[in-house]
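K.L.:
Structure supplied as work-v8.pdb; contents: PDB, C-alpha atoms.
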```
ATOM      1  CA  MET X  20      34.139 144.526  48.205
ATOM      2  CA  LEU X  21      34.130 144.888  51.969
ATOM      3  CA  ASN X  22      34.014 148.672  51.600
ATOM      4  CA  ILE X  23      30.857 148.356  49.500
ATOM      5  CA  ILE X  24      29.209 146.188  52.157
ATOM      6  CA  ILE X  25      30.246 148.573  54.952
ATOM      7  CA  ASN X  26      28.896 151.576  53.040
ATOM      8  CA  TRP X  27      25.637 149.751  52.410
ATOM      9  CA  LEU X  28      25.265 148.932  56.126
ATOM     10  CA  LYS X  29      26.673 152.196  57.542
ATOM     11  CA  ASP X  30      23.357 153.303  59.074
ATOM     12  CA  LEU X  31      23.097 150.244  61.321
ATOM     13  CA  PRO X  32      24.227 150.459  64.936
ATOM     14  CA  LYS X  33      27.953 149.754  65.067
ATOM     15  CA  GLU X  34      27.424 146.591  67.153
ATOM     16  CA  TYR X  35      25.272 145.061  64.382
ATOM     17  CA  LEU X  36      27.756 146.173  61.747
ATOM     18  CA  VAL X  37      30.594 144.415  63.573
ATOM     19  CA  MET X  38      28.562 141.209  63.982
ATOM     20  CA  ILE X  39      27.563 141.207  60.286
ATOM     21  CA  VAL X  40      31.165 141.747  59.160
ATOM     22  CA  GLY X  41      32.166 138.918  61.507
ATOM     23  CA  ALA X  42      29.576 136.633  59.895
ATOM     24  CA  LEU X  43      30.654 137.332  56.301
ATOM     25  CA  PRO X  44      32.896 134.725  54.666
ATOM     26  CA  VAL X  45      35.017 137.465  53.056
ATOM     27  CA  SER X  46      36.012 139.042  56.363
ATOM     28  CA  GLU X  47      34.989 136.959  59.386
ATOM     29  CA  LEU X  48      36.414 138.184  62.681
ATOM     30  CA  ARG X  49      39.729 138.935  61.006
ATOM     31  CA  GLY X  50      37.942 141.984  59.604
ATOM     32  CA  ALA X  51      35.363 142.511  62.340
ATOM     33  CA  ILE X  52      37.802 143.057  65.219
ATOM     34  CA  PRO X  53      39.861 145.749  63.436
ATOM     35  CA  LEU X  54      36.604 147.363  62.260
ATOM     36  CA  ALA X  55      35.206 147.441  65.796
ATOM     37  CA  LEU X  56      38.416 148.933  67.167
ATOM     38  CA  SER X  57      38.417 151.571  64.417
ATOM     39  CA  LEU X  58      34.856 152.450  65.459
ATOM     40  CA  GLY X  59      36.119 153.137  68.991
ATOM     41  CA  MET X  60      34.826 150.005  70.715
ATOM     42  CA  PRO X  61      36.704 148.641  73.702
ATOM     43  CA  ALA X  62      38.826 145.595  72.849
ATOM     44  CA  SER X  63      36.714 143.175  74.911
ATOM     45  CA  LYS X  64      33.477 144.303  73.253
ATOM     46  CA  ALA X  65      35.119 144.123  69.814
ATOM     47  CA  PHE X  66      36.291 140.580  70.564
ATOM     48  CA  TRP X  67      32.951 139.212  71.813
ATOM     49  CA  LEU X  68      30.800 140.856  69.134
ATOM     50  CA  SER X  69      33.167 139.570  66.444
ATOM     51  CA  VAL X  70      33.200 136.053  67.894
ATOM     52  CA  LEU X  71      29.406 136.091  68.139
ATOM     53  CA  GLY X  72      29.023 137.296  64.566
ATOM     54  CA  ASN X  73      31.507 134.738  63.269
ATOM     55  CA  SER X  74      29.798 131.951  65.235
ATOM     56  CA  ILE X  75      26.191 132.584  64.158
ATOM     57  CA  PRO X  76      26.543 130.955  60.693
ATOM     58  CA  ILE X  77      28.333 127.822  61.968
ATOM     59  CA  VAL X  78      25.294 125.706  62.905
ATOM     60  CA  PRO X  79      23.203 126.442  59.797
ATOM     61  CA  ALA X  80      26.241 126.035  57.554
ATOM     62  CA  LEU X  81      27.163 122.668  59.113
ATOM     63  CA  PHE X  82      23.627 121.386  58.548
ATOM     64  CA  LEU X  83      23.033 122.921  55.117
ATOM     65  CA  LEU X  84      26.339 122.743  53.222
ATOM     66  CA  GLU X  85      26.046 119.107  52.186
ATOM     67  CA  PRO X  86      22.396 119.077  51.048
ATOM     68  CA  VAL X  87      22.576 122.485  49.366
ATOM     69  CA  SER X  88      25.812 121.713  47.533
ATOM     70  CA  SER X  89      24.455 118.339  46.414
ATOM     71  CA  ARG X  90      21.363 119.941  44.895
ATOM     72  CA  LEU X  91      23.222 122.839  43.324
ATOM     73  CA  ARG X  92      25.824 120.528  41.751
ATOM     74  CA  LYS X  93      23.162 119.584  39.197
ATOM     75  CA  PHE X  94      23.976 122.911  37.531
ATOM     76  CA  LYS X  95      27.337 123.143  35.767
ATOM     77  CA  ILE X  96      28.324 126.546  37.179
ATOM     78  CA  TRP X  97      27.589 125.474  40.762
ATOM     79  CA  SER X  98      29.305 122.143  40.240
ATOM     80  CA  ARG X  99      32.473 123.951  39.169
ATOM     81  CA  PHE X 100      32.204 126.353  42.116
ATOM     82  CA  PHE X 101      31.857 123.576  44.698
ATOM     83  CA  ASP X 102      34.634 121.543  43.046
ATOM     84  CA  TRP X 103      36.896 124.597  43.305
ATOM     85  CA  LEU X 104      35.850 125.369  46.897
ATOM     86  CA  PHE X 105      36.259 121.821  48.147
ATOM     87  CA  GLU X 106      39.574 121.282  46.342
ATOM     88  CA  ARG X 107      40.998 124.569  47.644
ATOM     89  CA  THR X 108      39.943 123.691  51.182
ATOM     90  CA  ARG X 109      41.291 120.137  50.851
ATOM     91  CA  LYS X 110      44.725 121.513  49.853
ATOM     92  CA  LYS X 111      44.891 123.750  52.927
ATOM     93  CA  ALA X 112      43.378 121.281  55.391
ATOM     94  CA  ASP X 113      46.087 118.631  55.857
ATOM     95  CA  THR X 114      46.005 119.277  59.615
ATOM     96  CA  VAL X 115      42.262 118.637  59.687
ATOM     97  CA  GLN X 116      42.587 115.358  57.850
ATOM     98  CA  LYS X 117      45.384 114.187  60.136
ATOM     99  CA  TYR X 118      44.036 115.312  63.532
ATOM    100  CA  GLU X 119      40.277 115.569  62.813
ATOM    101  CA  ALA X 120      38.469 117.814  65.358
ATOM    102  CA  LEU X 121      41.682 119.093  66.987
ATOM    103  CA  GLY X 122      43.121 119.793  63.546
ATOM    104  CA  LEU X 123      39.887 121.549  62.608
ATOM    105  CA  ALA X 124      40.203 123.874  65.627
ATOM    106  CA  ILE X 125      43.818 124.676  64.708
ATOM    107  CA  PHE X 126      42.869 125.196  61.048
ATOM    108  CA  VAL X 127      40.130 127.685  61.983
ATOM    109  CA  ALA X 128      42.287 129.487  64.567
ATOM    110  CA  ILE X 129      45.031 130.395  62.087
ATOM    111  CA  PRO X 130      44.207 133.971  61.052
ATOM    112  CA  LEU X 131      44.995 133.629  57.351
ATOM    113  CA  PRO X 132      42.755 133.779  54.281
ATOM    114  CA  MET X 133      40.753 130.577  53.687
ATOM    115  CA  THR X 134      41.205 129.265  57.231
ATOM    116  CA  GLY X 135      38.244 130.686  59.178
ATOM    117  CA  ALA X 136      34.912 129.315  60.352
ATOM    118  CA  TRP X 137      33.446 129.114  56.847
ATOM    119  CA  SER X 138      36.408 127.092  55.566
ATOM    120  CA  GLY X 139      36.202 125.041  58.754
ATOM    121  CA  VAL X 140      32.618 124.108  57.886
ATOM    122  CA  VAL X 141      33.752 123.031  54.404
ATOM    123  CA  ALA X 142      36.629 121.011  55.901
ATOM    124  CA  ALA X 143      34.313 119.372  58.460
ATOM    125  CA  SER X 144      32.005 118.364  55.628
ATOM    126  CA  LEU X 145      34.843 117.090  53.431
ATOM    127  CA  PHE X 146      36.362 114.963  56.175
ATOM    128  CA  LYS X 147      33.001 113.840  57.611
ATOM    129  CA  ILE X 148      33.603 115.187  61.110
ATOM    130  CA  ARG X 149      30.496 114.662  63.229
ATOM    131  CA  PHE X 150      28.436 117.756  64.022
ATOM    132  CA  ARG X 151      29.076 117.904  67.756
ATOM    133  CA  TYR X 152      32.843 117.639  67.306
ATOM    134  CA  ALA X 153      32.893 119.997  64.333
ATOM    135  CA  PHE X 154      30.841 122.659  66.114
ATOM    136  CA  VAL X 155      33.007 122.655  69.248
ATOM    137  CA  ALA X 156      36.209 122.611  67.186
ATOM    138  CA  ILE X 157      35.117 125.463  64.921
ATOM    139  CA  LEU X 158      33.878 127.537  67.857
ATOM    140  CA  GLY X 159      37.162 126.943  69.693
ATOM    141  CA  GLY X 160      39.060 127.917  66.566
ATOM    142  CA  VAL X 161      37.016 131.103  66.216
ATOM    143  CA  ILE X 162      37.816 132.061  69.811
ATOM    144  CA  GLY X 163      41.487 131.264  69.233
ATOM    145  CA  ALA X 164      41.564 133.325  66.041
ATOM    146  CA  GLY X 165      39.843 136.161  67.890
ATOM    147  CA  LEU X 166      42.523 136.140  70.576
ATOM    148  CA  ILE X 167      45.283 136.132  67.955
ATOM    149  CA  VAL X 168      43.702 138.923  65.884
ATOM    150  CA  SER X 169      43.028 140.980  69.026
ATOM    151  CA  ALA X 170      46.661 140.619  70.081
ATOM    152  CA  LEU X 171      47.888 141.576  66.598
ATOM    153  CA  CYS X 172      45.628 144.644  66.658
ATOM    154  CA  ALA X 173      46.886 145.618  70.122
ATOM    155  CA  LEU X 174      50.454 145.342  68.858
ATOM    156  CA  GLY X 175      49.600 147.525  65.857
ATOM    157  CA  ILE X 176      50.322 144.769  63.350
ATOM    158  CA  ILE X 177      46.745 144.681  62.014
ATOM    159  CA  SER X 178      44.517 147.703  61.485
ATOM    160  CA  TRP X 179      41.226 148.346  59.725
ATOM    161  CA  LYS X 180      43.048 150.187  56.902
ATOM    162  CA  ALA X 181      45.249 147.144  56.321
ATOM    163  CA  VAL X 182      42.187 144.869  56.195
ATOM    164  CA  ILE X 183      40.354 146.845  53.525
ATOM    165  CA  HIS X 184      43.407 147.293  51.285
TER     166      HIS X 184
END
```
What would you get if you wrote out this structure as structure tokens?

P.N.:
Amino acid sequence: MLNIIINWLKDLPKEYLVMIVGALPVSELRGAIPLALSLGMPASKAFWLSVLGNSIPIVPALFLLEPVSSRLRKFKIWSRFFDWLFERTRKKADTVQKYEALGLAIFVAIPLPMTGAWSGVVAASLFKIRFRYAFVAILGGVIGAGLIVSALCALGIISWKAVIH
């Protein structure tokens, strides 16, 4: 799926491509940093563009998740989707429930599937973490995840080919 998106956006400047991949819930910065490095960007530029891209959706998502999901739940297919999404996040978010904003930052910083900024927004909504704490925690987690992913890329543990396969 990510390959399809990349091919569709291939004519954009590489900086925009990296930020868009960082903003997508399917890749976030866990995909954006290896992509940027594979495009020949310096590590610091790859890090900051990926963090920026991953951070852009946080504020709108924090404000819109609850009202949008409430309205869409009136339709059976959307109700099932949000039930699945919230239950899956709840199962992985024990740390968030226990430690609230600090747990949310740790949850987002872990570079594994279903633990990024988008899942952090869902967890913040589920556990009713206030906006100002949720935003700072998610942003801190994104920066932490970026540092971890950058280090793993530098060590050769993660590459763009590994991300897309």

K.L.:
Please report the interatomic distance between CA of Lys64 (chain X) and CA of Trp27 (chain X) in Å with one decimal.

P.N.:
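Rounded to one decimal, the two atoms are 22.9 Å apart.
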
K.L.:
Go through region 27-137 of chain X and flag each residue having an atom no more than 8 Å from region 148-152 of chain X; for those, report the closest pair of atoms plus their distance in Å to one decimal, using only C-alpha atoms, ordered by chain and rising number, as a tab-separated table.

P.N.:
```
residue	atom	partner	partner_atom	distance
X:Leu81	CA	X:Phe150	CA	7.1
X:Glu119	CA	X:Ile148	CA	6.9
X:Ala120	CA	X:Tyr152	CA	6.0
```

K.L.:
Which one is closest to Ser88 (chain X): X:Leu43, X:Ala51, X:Ile125, X:Val141? Count all atoms listed in the file.

P.N.:
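Of all the options, X:Val141 lies closest to Ser88 (chain X).
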
K.L.:
Find the residues around region 31-35 of chain X up to 8 Å (only C-alpha atoms counted), leave out those fewer than 2 positions away in its own chain, and share them as an MDAnalysis selection string.

P.N.:
chainID X and resid 28:29 37:39 55 58 68

K.L.:
Enumerate, as a PyMOL selection string, the protein, DNA and RNA residues whose atoms approach (47.1, 144.8, 65.7) to within 12 Å, taking into account only C-alpha atoms and the coordinate frame of the file.

P.N.:
chain X and resi 49-50+52-54+56-57+62+165-182

K.L.:
Just want the 12 Å neighbourhood of Trp137 (chain X), counted on all atoms listed in the file, with same-chain residues fewer than 3 positions away dropped. Output as an MDAnalysis selection string.

P.N.:
chainID X and resid 41:48 73:81 84 104:105 108 123 126:128 132:134 140:144 153:154 157:158 160:161

K.L.:
Kindly give the distance, in Å, that separates CA of Leu36 (chain X) and CA of Phe101 (chain X), rounded to a single decimal.

P.N.:
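We find that CA of Leu36 (chain X) and CA of Phe101 (chain X) lie 28.6 Å from each other.
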
K.L.:
Measure the distance from CA of Gly139 (chain X) to CA of Val115 (chain X) in Å and round it to one decimal.

P.N.:
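These two atoms are separated by 8.9 Å.
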
K.L.:
Please determine, counting only C-alpha atoms, which residue among X:Ala136, X:Leu21, X:Ala124, X:Leu91 has the shortest atom-to-atom distance to Val155 (chain X).

P.N.:
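Going through X:Ala136, X:Leu21, X:Ala124, X:Leu91 one by one, the smallest distance to Val155 (chain X) is for X:Ala124.
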
K.L.:
Could you check which of X:Arg92, X:Arg99, X:Gly163, X:Met20 is closest to Pro130 (chain X), using all atoms listed in the file?

P.N.:
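When distances to Pro130 (chain X) are compared using all atoms listed in the file, the smallest one comes from X:Gly163.
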